[in-house]
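**Q** After the structure tokens below, expect a handful of questions from me.
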Amino acid sequence: MSAERQTSKTCFDAEREPEFVSGETDRGRALPRPRSTAVFDGPDRAAARAYMKGIGFDDAALSRPTIGIANTWTEAMPCNFHLRGLAAHIKQGVRAAGGTPMEFNTVAISDGITMGTKGMKTSLVSREVIADSIELMARGYQFDAIVTVAACDKTIPGAVMALARLDIPGVLLYGGSIAPGRWHDKDVTIVELFEALGAHAAGKMSDEELKSLEDVVSPGAGACGGQFTANTMACAFEALGIAPGGSSMVPAEDPDKATVAERIGELVIRVLADDLRPSQVITRESLENAIACVCASGGSTNGVLHLLAVAREAGVQLSIDDFERISRNTPLLADLKPGGRFVATDLYRAGGVPLILSRLAEAGILHPDAITVSGRTIGEEAAAAAERPGQEVVRELSDPIKREGGLAIVRGNLAPEGAVVKLAGTERTGQTGPARIFESEEECFRAVKDQAIQPGDMIVIRNEGPAGGPGMREMLQVTAAIVGEGLGEEVALLTDGRFSGATRGLMVGHVAPEAVKGGPIAALRDGDEVTIDVEARKLEVALSAAEIERRIAEYEPPEPEYRTGVLAKYARTVSSASDGALTV
């Protein structure tokens with residue numbers, strides 16, 4: 001048996017594998033239908049049954065538990081393109097285990113495709129819409145349980161936010177990573193293409209070279225291949241326990257992914273029979289496990305935003321200071337892109353998320369008794385890890401990439417509510433330099449393309465926060481172009497917006513409060529001396545408190561671009577990035 005297949009078999013405990021038939025569990029009890037009876041049982045519900053019979057459901061199907069399959073499939077991106085096929089396998093598993101699946105869809109926005117355009121403003125907003133739409137469908141149809149199927153960045157936390165909010169038995173399936181492309185005899189991901197844009201603008205890459213990279217970098221279906229936001233959140237939610245152990249890193253187009261999907265369809269019936277709810281899985285301890293996994297894997301700064309949001313939905317107290325505390329005590333162990341050598345499919349072959357968890361358990365960082373949807377504890381999932389001999393993706397505890405994790409929270413007179421720095425992918429721990437102010441991402445990107453950025457500059461992009469953007473755009477097009485021009489280790493960037501998981505270099509995001517909410521970033525002017533000191537966890541400008549206050553009072557942010565519609569509504573209701581950028 002291949003190493004890949006050995007790894008995928010750790011998804012479920014064989015002793016607990018569901019074997020339900022004819023609407024009964026292996027314990028001989030009828031399967032519960034705590035919600036769907038109100039929709040389909042009794043003479044008063046004849047019309048509801050009639051509607052469903054007209055599209056293929058019979059009396060037997062309507063007498064079984066109804067399982068909502070919340071799919072984020074779309075034809076508009078590779079990340080979620082294959083999810084319809086996976087949903088079909090989930091439904092097979094649900095039927096085999098005695099349930100009746102009912103699939104529905106929601107929105108999905110590709111960060112990679114919208115990157116650098118106004119369309120990117122919709123990405124984080126879509127997280128709320130995804131959670132809201134799953135909630136509405138589940139409450140409307142009163143499903144007995146839910147399987148959420150997600151892949152691209154915001155679809156994953158949106159799905160888990162909905163599960164936490166609903167608190168009915170549910171399971172997450174991550175669609176899996178794309179395979180890497182091959183270019184000049186090396187593995188490449190989409191980040192190499194974004195960085196190539198900077199090299200091309202600087203005259204370091206020809207049109208033909210750029211086109212040849214474009215043609216191979218995204219070779220099929222699946223989410224972006226490095227430890228960018230999608231894979232970061234997939235790892236985090238497996239560590240959280242809401243996705244079964246070993247399920248997430250099975251690649252999108254691996255034949256075993258269909259098997260995993262079918263078994264998750266079976267598993268959700270077990271979860272329903274046991275009445276295992278998200279509130280039992282999403283706890284303070286499991287969230288800390290998820291944070292540790294993000295830190296150990298060198299994951300995206302978006303993990304901060306999304307785990308804070310999930311905690312709020314679950315009613316669990318969590319703050320950005322918890323990320324700082326856990327990162328300080330968690331070594332960086334996974335040698336993954338964008339800062340490292342390997343991609344998600346390599347992590348899968350090495351042993352997947354259970355291997356990272358086993359290292360955390362060995363270090364005494366993991367809360368081993370946290371329950372997971374598989375019915376096992378996270379400690380048991382970690383103990384089941386199958387490490388591939390000779391793998392180099394996940395380091396031993398005695399040989400970490402860094403002694404501390406991949407994230408840091410900085411504060412100071414520029415960020416009284418905090419800001420987030422990604423430490424993986426750069427050895428730099430600070431810079432002091434003159435501020436170069438840009439009022440939007442587009443304004444900054446034009447300067448990068450025109451090669452107007454100088455070594456030593458402290459680039460500031462404001463009015464891109466949750467309300468100011470609106471939508472808190474990612475800055476990958478800018479940050480990757482800076483790296484591509486060869487300035488990645490010579491400039492720093494801070495913003496009230498956010499970064500892609502593919503970003504590397506000394507970059508400070510989520511600066512809070514944001515400019516349009518009166519944050520001190522609004523007080524900055526060209527030439528002000530700004531200091532990032534990661535060791536001291538400081539982000540400061542050499543101005544007095546009185547001068548900062550005076551300038552904030554004088555600052556006039558740009559006029560809102562959207563006065564009606566979903567983006568305007570989002571801008572009016574969204575909370576600070578330091579609180580997860582939730583709509584309230």
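Within each chain, counting starts at residue 1; across the structure tokens, chains are named A, B, ... in the order shown, with ligands numbered 1 upward in that order.
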Please run DSSP on the backbone and report, as a list in words, all residues within region 87-300 of chain A that come out as strand (DSSP E or B).

**A** Thr100, Pro101, Met102, Glu103, Phe104, Asn105, Ala145, Ile146, Val147, Thr148, Val149, Ala150, Gly170, Val171, Leu172, Leu173, Tyr174, Ser177, Gly181, Arg182, Trp183, Lys186, Asp187, Val188 and Ala223 of chain A

**Q** Could you pull the residues within 10 Å of Glu464 (chain A), counting only C-alpha atoms, minus those fewer than 3 positions along the same chain, as number ranges by chain?

**A** A: 121, 439-441, 461, 467-475, 495-498, 510, 514-516

**Q** With N, CA and C atoms kept, could you save the residues just selected as a compact mmCIF listing (two decimals), in the first residue's frame?

**A**
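Output file again.txt is given in full below:
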# COMPACT_ATOMS: atom_id res chain seq x y z
N LYS A 121 -12.83 42.93 -3.04
CA LYS A 121 -13.59 43.48 -1.92
C LYS A 121 -14.71 42.53 -1.48
N GLU A 439 -3.36 55.58 -0.41
CA GLU A 439 -4.73 55.56 0.09
C GLU A 439 -5.53 54.36 -0.42
N SER A 440 -4.90 53.53 -1.25
CA SER A 440 -5.58 52.33 -1.76
C SER A 440 -4.55 51.35 -2.28
N GLU A 441 -4.96 50.12 -2.47
CA GLU A 441 -4.08 49.10 -3.04
C GLU A 441 -3.66 49.47 -4.46
N ILE A 461 -0.47 51.18 3.31
CA ILE A 461 -1.70 51.15 2.51
C ILE A 461 -2.88 51.22 3.48
N ALA A 467 -14.28 47.89 7.08
CA ALA A 467 -15.27 48.90 6.69
C ALA A 467 -14.74 49.83 5.61
N GLY A 468 -13.47 50.15 5.65
CA GLY A 468 -12.93 51.14 4.73
C GLY A 468 -12.78 50.66 3.32
N GLY A 469 -12.54 49.36 3.13
CA GLY A 469 -12.34 48.83 1.78
C GLY A 469 -13.51 49.08 0.84
N PRO A 470 -14.74 48.64 1.19
CA PRO A 470 -14.93 47.70 2.28
C PRO A 470 -14.49 46.30 1.87
N GLY A 471 -14.37 45.42 2.86
CA GLY A 471 -14.07 44.03 2.55
C GLY A 471 -12.66 43.59 2.85
N MET A 472 -11.78 44.51 3.29
CA MET A 472 -10.45 44.12 3.78
C MET A 472 -9.71 43.26 2.75
N ARG A 473 -9.45 43.85 1.60
CA ARG A 473 -8.81 43.10 0.52
C ARG A 473 -7.45 42.52 0.92
N GLU A 474 -7.13 41.37 0.35
CA GLU A 474 -5.78 40.83 0.44
C GLU A 474 -4.87 41.62 -0.48
N MET A 475 -3.57 41.62 -0.17
CA MET A 475 -2.61 42.46 -0.89
C MET A 475 -1.58 41.63 -1.66
N THR A 495 -0.63 47.74 6.74
CA THR A 495 -1.94 48.06 6.17
C THR A 495 -3.05 47.71 7.14
N ASP A 496 -4.18 48.42 7.00
CA ASP A 496 -5.37 48.01 7.74
C ASP A 496 -6.16 46.97 6.96
N GLY A 497 -5.65 46.61 5.79
CA GLY A 497 -6.18 45.46 5.05
C GLY A 497 -5.52 44.19 5.52
N ARG A 498 -5.50 43.18 4.66
CA ARG A 498 -4.93 41.89 5.06
C ARG A 498 -4.09 41.32 3.93
N HIS A 510 -3.87 43.84 9.24
CA HIS A 510 -4.94 43.90 10.24
C HIS A 510 -4.71 45.04 11.24
N GLU A 514 -8.88 50.58 12.11
CA GLU A 514 -8.57 50.94 10.74
C GLU A 514 -8.74 52.45 10.54
N ALA A 515 -8.28 52.93 9.40
CA ALA A 515 -8.26 54.38 9.16
C ALA A 515 -9.64 55.02 9.25
N VAL A 516 -10.65 54.42 8.60
CA VAL A 516 -11.96 55.07 8.57
C VAL A 516 -12.68 55.02 9.92

**Q** Rounded to one decimal, what separation in Å do you get between CA of Glu485 (chain A) and CA of Lys538 (chain A)?

**A** 27.5 Å

**Q** If you count only C-alpha atoms, which residues fall within 7 Å of region 182-196 of chain A, apart from same-chain ones fewer than 6 positions away, as a list in words?

**A**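 Listed by chain and then number, they are Leu210, Leu213, Glu214, Val216, Val217, Ser218, Cys224, Gly225, Gly226, Gln477, Ala480, Ala481, Val483, Gly484 and Ala502 of chain A.
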
**Q** Do you know which residues are at most 9 Å from region 32-43 of chain A counting only C-alpha atoms, after dropping those on the same chain fewer than 2 positions away, and could you put them as a list of chain:residue names?

**A**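 Once the nearby chain positions are removed, what remains is A:Arg29, A:Ala30, A:Arg45, A:Ala46, A:Ala47, A:Ala48, A:Arg49, A:Leu62, A:Ser63, A:Arg64, A:Pro65, A:Thr66, A:Tyr141, A:Gln142, A:Phe143, A:Asp144, A:Ala145, A:Leu272, A:Ala273, A:Asp275.
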
**Q** Between A:Gly116, A:Gly99, A:Pro331, A:Gly379, single out the one closest to Pro400 (chain A), counting only C-alpha atoms.

**A**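 Of all the options, A:Pro331 lies closest to Pro400 (chain A).
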
**Q** Considering only C-alpha atoms, state which residue in the set A:Tyr348, A:Tyr555, A:Phe81, A:Phe499 is at the smallest distance from Ser247 (chain A).

**A**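 The answer is A:Tyr348, which sits nearest to Ser247 (chain A).
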